[in-house]
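K.L.:
Below you will find the structure I want to go over with you.
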Amino acid sequence: MATQERLHALDAVRAFALLSGIALHATMSFFLPIPARDVSQSATLNVVFFLIHTWRMTTFFLVAGLFARLVMTRRGARGFMADRARRILVPLLVGWIILAPLTIAALIWGVGRSADAATVAAVNHPAAVPQGAFPLVHLWFLYYLCIFYVLLLAVRGAFLKLDPGGVVAAALDRGLRMLLNGHFAPLVFAAPIFVVLGFDQRIAVLGGIPTPDSSLIPQLPALVGFGTAFGIGWLLHRQLELLSALRSRWMGQLAIGIALSIACQIVPGIRLGSHATPLGYHIADSTPFYAACYLVSAWYWTFGIIGAALRFCAKESAIRRYLADSSYYLYLGHLPIVFFLAAAFAKIPLHWALKFPLILAITMVVLLLSYHYLVRPTWIGEILNGRKYPRARGRSQAPSAPVVTGSVAAPEHAQPVAELVQARKSYGTQLALDGVGIEVRPGEVLAVLGPNGAGKSTAISLWLGLLQADDGQVRLMGRSPLEVASRREIGVMMQEVALEPLLSVRELVDLAGSYYPHPLSVREALELTGTAGLANRRYAKLSAGQKRQAQFAMAVVGQPKLLFLDEPTVGLDVQARETMWAAIRCLIASGCSIVLTTHYLEEAEALADRVIVLAKGRVIASGSVAEVRSVVSRTHIRCASTLTAENVRQWPGVMDASQDAQKLTITAVDAESVVRRLLAADATVSQLEVRPAALADAFTVLTQEAA
Amino acid sequence: MDALTTPLDSDHLMPLGRVLRAYLKESRSQFIQALRAPAFAFPFLLLPVPLYLFFGVVMAGNSREVIANPVLLNYSFCGWCCMAVMGPAIFGIGCGLAMERDANLLKLKRALPLPAGSYLIAKMIMSIAFAAISVGLVTIAGLAAKTLHLAPGALLAMDSVLVLGAIPFCAIGLFIGAFSSASAAPAYANLIYLPGLWLSGMFFPLPKFLQPWSVIWPAFHLNMTALAAGGNQVPVSPLMTSAVLVGISVLFGGLAIRRLARRE
């Protein structure tokens with residue numbers, strides 16, 4: 001298992017521990033009087049709290065110790081101190097100033113709302129306020145991390161001085177290896193804290209290691225319990241390969257952890273429940289047994305969870321990465337919100353099974369939204385995550401660049417009606433447009449040609465505002481295509497669109513006309529496009545060709561200045577196509593510009609003033625039809641002859657020759673001399689046709705070259 | 001002016017009258033389409049009436065509780081009205097929008113200069129109009145059967161809330177239509193509609209273990225808000241249930257609009 005994968009898994013564990021803390025605090029009002037006593041009490045959530053509380057901080061401090069050594073090895077002692085000051089100490093100080101008052105306010109409000117004698121007594125009890133009281137709130141873990149860092153630097157300094165050969169360190173490594181490869185490491189690791197708490201009833205009263213959140217004076221149980229975890233995490237980083245043992249045994253470790261947790265619950269004399277004492281526990285003198293089960297279970301849980309993460313969360317995942325990055329902020333910010341919601345919900349007569357998830361959901365939504373927009377892309381995120389993530393990139397405006405232009409077919413001085421300037425667009429890793437520049441001038445018909453996947457549809461979609469360019473500029477009528485005002489001057493006929501099937505053609509055209517300031521009347525639009533006969537027929541009942549005609553009528557009804565026609569004549573019979581061409585010529589005569597994409601090159605030849613050929617997202621040719629056609633100087637000769645294609649193919653000036661049952665077809669660069677030789681060689685030649693190169697030839701040559 | 005030489009100086013501004021006309025035409029076309037689809041119009045416009053008469057008047061009217069307390073009939077009336085409101089909104093918008101998305105119609109509409117939101121607003125107006133008609137028909141049936149124990153003002157308030165109550169379901173419909181494919185949309189719509197009807201406790205008392213969960217269904221909140229508007233006793237605060245309905249409208253509507261407005 002690669003080191004990087006191990007670290008991904010541990011990152012997930014740390015996030016899991018922090019996020020579980022949010023759930024833990026959200027359970028409190030359902031069985032404790034703090035932050036408020038909810039009207040719907042729950043023994044289930046009491047157990048959930050107990051289970052999370054068992055492992056959460058042990059796990060967190062172990063991972064924290066491991067990552068601490070990672071930072072130390074990467075940055076050295078000085079870098080380590082600077083990094084920890086920025087990412088732990090600053091959040092502790094700033095976070096406390098902001099969060100402590102809010103948390104305490106929510107707490108006071110909550111306790112006040114659900115005030116009954118028992119609650120007030122529990123909260124005001126002198127024992128609840130320790131000596132040197134200081135409300136660290138949930139930020140105590142940062143305070144203890146700082147303590148551990150200081151201790152660590154001291155111990156490390158001592159080791160460097162006293163154990164320069166690394167003898168003791170090597171012995172510690174060997175010991176850890178032996179323990180982790182065996183089955184009883186949790187017993188050993190729980191031993192120090194058992195010494196401190198094994199006979200202290202607080203472990204049972206508080207359901208675990210007393211949380212040191214009320215005093216700046218370091219508390220011994222927390223120092224020993226969490227310090228052990230931190231130290232073992234540090235040592236574990238020296239031999240990351242030891243994690244493999246945890247990975248393979250995750251299930252067994254978790255099973256033992258769960259079994260011990262159950263044992264804690266059934267220890268005679270100690271009973272969890274929401275009605276026993278204000279804090280929920282009834283105490284008897286079986287503390288050592290309880291403490292042993294509890295403290296050992298914490299380590300089994302920890303190893304089980306880490307093992308499971310190594311097993312299932314080792315691969316990098318964008319969602320886990322995001323959650324892991326956000327978890328620090330989420331945990332820091334959650335407590336006032338959770339407490340406030342708990343207090344707000346306390347008296348609402350809903351079942352806890354609804355309220356608890358609702359509190360969690362609201363908290364997470366609020367925090368994730370604020371994280372995404374206010375933290376992740378800002379300096380706050382830089383402090384908490386160690387890096388700042390840029391906001392999702394919007395449309396960037398590239399500086400103006402020269403536009404690829406061909407010959408003049410429309411007044412060049414006039415402002416283009418549509419423009420792409422260095423437009424770049426990709427779908428994932430696939431580049432669809434690679435810095436394309438195209439302009440459509442007033443009154444011209446521009447044919448955009450290209451093989452499938454050349455970028456034609458992308459270019460049109462940019463102009464229509466359906467897509468946004470990654471880079472470069474897109475202008476429609478001198479403005480952004482996203483402005484409705486720009487689109488009020490265009491008409492659109494798209495491919496593969498199914499219009500409202502139950503409306504008649506008349507209703508469709510009327511509806512489309514209603515979007516424009518100065519539309520034609522429905523009758524005019526129908527007459528212009530030769531669709532008057534279809535007016536009362538429902539769209540669903542039309543043939544494919546008639547549907548195209550109806551769409552054409554909708555495209556022209558708004559009297560557009562610019563018309564986008566995407567394969568307009570597909571499916572049309574010859575007569576309908578002639579009618580559409582006539583209507584298009586009519587529109588051109590009235591000053592309308594047209595962008596035409598078509599696979600029928602004779603259509604482009606018949607209608608277009610200018611042709612752009614796209615291939616692989618780039619403009620590979622641009623100019624008038626004649627100019628583009630002239631890139632191939634070839635002529636097609638066709639005749640009935642007794643000569644064979646093989647024979648003719650050898651003649652100078654012949655590029656290719658083929659033969660079918662009746663005719664010989666020759667493609668020649670020097671047509672005159674080939675025809676002369678043909679007539680000389682075969683006196684029977686008849687039905688002679690000589691045709692210059694078509695746009696289709698140029699298209700084929702150009703796109704083959706581009707490929 | 002000659003468009004050839006000054007293409008950008010044209011009047012691209014829409015007079016307000018024409019903008020309103022565009023909204024009207026869009027709504028009208030949505031309504032016509034809904035009426036022309038019998039598979040849609042019949043069950044959602046007409047079916048609630050016989051169902052109400054059979055279950056809400058005849059069957060419920062003979063039960064012991066209702067004979068003892070005839071006001072209970074108001075509750076069954078409200079439940080069937082809720083059903084009449086939910087259907088067109090969830091199915092009409094959800095399935096319709098998903099189909100139109102799949103058919104690229106939405107793409108075309110986005111390329112055309114529709115006034116902001118007119119397409120979605122039209123769909124909502126269609127649903128609200130359907131809700132008004134079918135709630136009206138159920139009300140007429142209830143008045144004819146003399147089973148409504150409501151003052152005219154209370155009945156009007158209740159019906160008004162019910163008709164406006166189509167809005168959160170429109171938002172849910174938009175959400176389904178915006179996120180699911182045409183083939184999956186009916187399944188999702190049913191997933192919200194059917195359990196919403198039966199598990200929100202509108203037609204019969206729920207088993208005890210299901211009762212706390214009735215609040216998760218939007219239908220519960222509409223039912224309670226409408227009942228309270230008609231002066232009937234309800235176990236929850238109508239302010240809260242109205243707030244939930246507003247929240248649903250904002251949340252689902254917002255998510256749907258965000259999804260539909262996305263330009264990649």
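Naming scheme: A, B, ... for chains in displayed order of the structure tokens; residues 1 onward per chain; ligands 1 onward as shown.
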Compile the residues of chain A that lie within 6 Å of chain B, evaluated using only C-alpha atoms, and express the compilation as a PyMOL selection string.
P.N.:
chain A and resi 442-443+464+466-468+484-485+487-488+497-499+502+514-515+517+591
K.L.:
Would you save the residues from that selection as a tab-separated table (two decimals), in the first residue's frame, using N, CA and C atoms?
P.N.:
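Now in part_34.tsv:
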```
chain	number	residue	atom	x	y	z
A	442	PRO	N	-22.89	41.84	-41.39
A	442	PRO	CA	-24.30	42.10	-41.71
A	442	PRO	C	-24.61	41.73	-43.15
A	443	GLY	N	-25.70	41.04	-43.35
A	443	GLY	CA	-26.20	40.74	-44.68
A	443	GLY	C	-25.52	39.58	-45.37
A	464	LEU	N	-25.46	31.20	-29.24
A	464	LEU	CA	-26.84	31.20	-28.75
A	464	LEU	C	-26.90	31.32	-27.24
A	466	LEU	N	-26.03	29.06	-25.15
A	466	LEU	CA	-26.31	27.77	-24.51
A	466	LEU	C	-25.08	27.23	-23.81
A	467	LEU	N	-23.92	27.66	-24.26
A	467	LEU	CA	-22.67	27.26	-23.61
A	467	LEU	C	-21.87	28.52	-23.30
A	468	GLN	N	-20.95	28.38	-22.39
A	468	GLN	CA	-20.06	29.49	-22.09
A	468	GLN	C	-18.64	29.12	-22.49
A	484	VAL	N	-30.97	38.85	-23.04
A	484	VAL	CA	-32.18	38.55	-23.83
A	484	VAL	C	-32.26	39.52	-25.01
A	485	ALA	N	-31.84	40.76	-24.76
A	485	ALA	CA	-31.94	41.77	-25.82
A	485	ALA	C	-31.17	41.35	-27.07
A	487	ARG	N	-30.68	38.32	-28.05
A	487	ARG	CA	-31.36	37.20	-28.71
A	487	ARG	C	-32.68	37.63	-29.36
A	488	ARG	N	-33.16	38.82	-29.01
A	488	ARG	CA	-34.39	39.30	-29.66
A	488	ARG	C	-34.14	39.63	-31.12
A	497	VAL	N	-34.86	18.86	-32.50
A	497	VAL	CA	-35.72	19.45	-31.47
A	497	VAL	C	-37.14	18.96	-31.72
A	498	ALA	N	-37.80	18.50	-30.68
A	498	ALA	CA	-39.21	18.15	-30.81
A	498	ALA	C	-40.01	19.28	-30.16
A	499	LEU	N	-40.81	19.96	-30.96
A	499	LEU	CA	-41.63	21.06	-30.42
A	499	LEU	C	-42.86	20.49	-29.72
A	502	LEU	N	-48.73	18.93	-29.22
A	502	LEU	CA	-50.18	19.09	-29.26
A	502	LEU	C	-50.61	20.48	-29.76
A	514	SER	N	-44.49	35.83	-30.22
A	514	SER	CA	-44.74	36.63	-29.01
A	514	SER	C	-43.46	36.98	-28.26
A	515	TYR	N	-42.36	36.29	-28.59
A	515	TYR	CA	-41.10	36.58	-27.88
A	515	TYR	C	-40.40	37.82	-28.45
A	517	PRO	N	-40.10	41.77	-30.37
A	517	PRO	CA	-40.78	43.07	-30.32
A	517	PRO	C	-41.57	43.40	-31.59
A	591	GLY	N	-31.77	41.95	-45.92
A	591	GLY	CA	-30.67	42.38	-45.04
A	591	GLY	C	-30.38	41.45	-43.90
```
K.L.:
Identify, on the basis of only C-alpha atoms, every residue whose closest approach to B:Leu47 does not exceed 12 Å; exclude the query and any residue fewer than 6 positions from it along the same chain; express the result as an mmCIF file with C-alpha atoms, in the first residue's frame.
P.N.:
```cif
data_model
loop_
_atom_site.group_PDB
_atom_site.id
_atom_site.type_symbol
_atom_site.label_atom_id
_atom_site.label_comp_id
_atom_site.auth_asym_id
_atom_site.auth_seq_id
_atom_site.Cartn_x
_atom_site.Cartn_y
_atom_site.Cartn_z
ATOM 1 C CA ALA B 39 -54.632 11.070 -20.229
ATOM 2 C CA PHE B 40 -53.575 14.083 -18.197
ATOM 3 C CA ALA B 41 -56.696 16.219 -18.070
ATOM 4 C CA LEU B 53 -68.130 11.610 -3.384
ATOM 5 C CA PHE B 54 -67.549 7.902 -2.905
ATOM 6 C CA TRP B 80 -59.359 15.051 -1.525
ATOM 7 C CA CYS B 81 -58.798 18.650 -2.508
ATOM 8 C CA MET B 83 -54.996 15.275 -3.944
ATOM 9 C CA ALA B 84 -56.603 17.360 -6.703
ATOM 10 C CA VAL B 85 -53.951 20.028 -6.197
ATOM 11 C CA GLY B 87 -51.409 15.728 -9.251
ATOM 12 C CA PRO B 88 -51.211 18.346 -11.990
ATOM 13 C CA ILE B 133 -60.744 23.930 -11.506
ATOM 14 C CA SER B 134 -60.546 20.612 -9.723
ATOM 15 C CA VAL B 135 -60.794 22.136 -6.218
ATOM 16 C CA LEU B 137 -65.405 20.927 -8.798
ATOM 17 C CA VAL B 138 -64.843 19.084 -5.508
#
```
K.L.:
Report as number ranges by chain all protein, DNA and RNA residues lying within 9 Å of stretch 174-180 of chain B, evaluated on only C-alpha atoms, omitting residues in the same chain fewer than 6 positions from it.
P.N.:
B: 89-90, 93-101, 120, 188-189, 252-257, 259-260
K.L.:
As number ranges by chain, list the residues of stretch 30-166 of chain B assigned to alpha helix (DSSP H) by DSSP on the backbone atoms of this structure.
P.N.:
B: 30-36, 38-41, 48-51, 60-61, 64-68, 72-87, 94-102, 105-111, 118-145, 152-164, 166
K.L.:
So that I can see what lies close to A:Ser297, please list as a ChimeraX atom specification the residues with an atom at most 8 Å from it, counting only C-alpha atoms and leaving out residues fewer than 2 positions away in the same chain.
P.N.:
/A:54-55,186,256-258,260-261,293-295,299-301
K.L.:
Neighbours of stretch 348-362 of chain A within 8 Å (only C-alpha atoms; same-chain residues fewer than 6 positions away dropped), as a list in words?
P.N.:
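Once the nearby chain positions are removed, what remains is Ile22, Ala23, Ala26, Thr27, Phe30, Val39, Ser40, Gln41, Ser42, Val338, Leu341 and Ala342 of chain A; Pro212 and Trp213 of chain B.
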K.L.:
Give me every strand (DSSP E) residue in stretch 209-380 of chain A, going by DSSP on the backbone, as a PyMOL selection string.
P.N.:
chain A and resi 271-272+281-282
K.L.:
Would you mind exporting the chosen residues as a PDB file, in the first residue's frame, restricted to C-alpha atoms?
P.N.:
```pdb
ATOM      1  CA  ARG A 271     -26.961   1.952  33.784  1.00  0.00           C
ATOM      2  CA  LEU A 272     -27.332   4.373  30.941  1.00  0.00           C
ATOM      3  CA  TYR A 281     -25.964   7.887  34.879  1.00  0.00           C
ATOM      4  CA  HIS A 282     -26.464   5.966  38.003  1.00  0.00           C
TER       5      HIS A 282
END
```
K.L.:
I'd like the neighbourhood of stretch 239-246 of chain B as a list in words, where a residue qualifies if any of its atoms comes within 9 Å (using only C-alpha atoms), though same-chain residues fewer than 4 positions away should be ignored.
P.N.:
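That gives Gly165, Ile167, Pro168, Phe169, Pro218, Phe220, His221, Leu222, Met224, Thr225, Val250 and Leu251 of chain B.
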K.L.:
Kindly give the distance, in Å, that separates atom CA of A:Val556 and atom CA of A:Ala432, rounded to a single decimal.
P.N.:
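Rounded to one decimal, the two atoms are 29.1 Å apart.
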K.L.:
What does the structure give for the distance between atom CA of A:Gln415 and atom CA of A:Glu602, in Å to one decimal?
P.N.:
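Taking atom CA of A:Gln415 and atom CA of A:Glu602, their separation equals 28.8 Å.
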K.L.:
For A:Val296, find every residue with an atom within 12 Å (counting only C-alpha atoms), except residues of its own chain fewer than 6 positions away, and show them as a PyMOL selection string.
P.N.:
chain A and resi 54-55+58+184-194+198+208+225+253-254+256-261+263-264+288-290+302-303
K.L.:
Find the distance between atom CA of A:Ile203 and atom CA of A:Thr287 and write it in Å to one decimal.
P.N.:
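Calculated distance between atom CA of A:Ile203 and atom CA of A:Thr287 is 7.7 Å.
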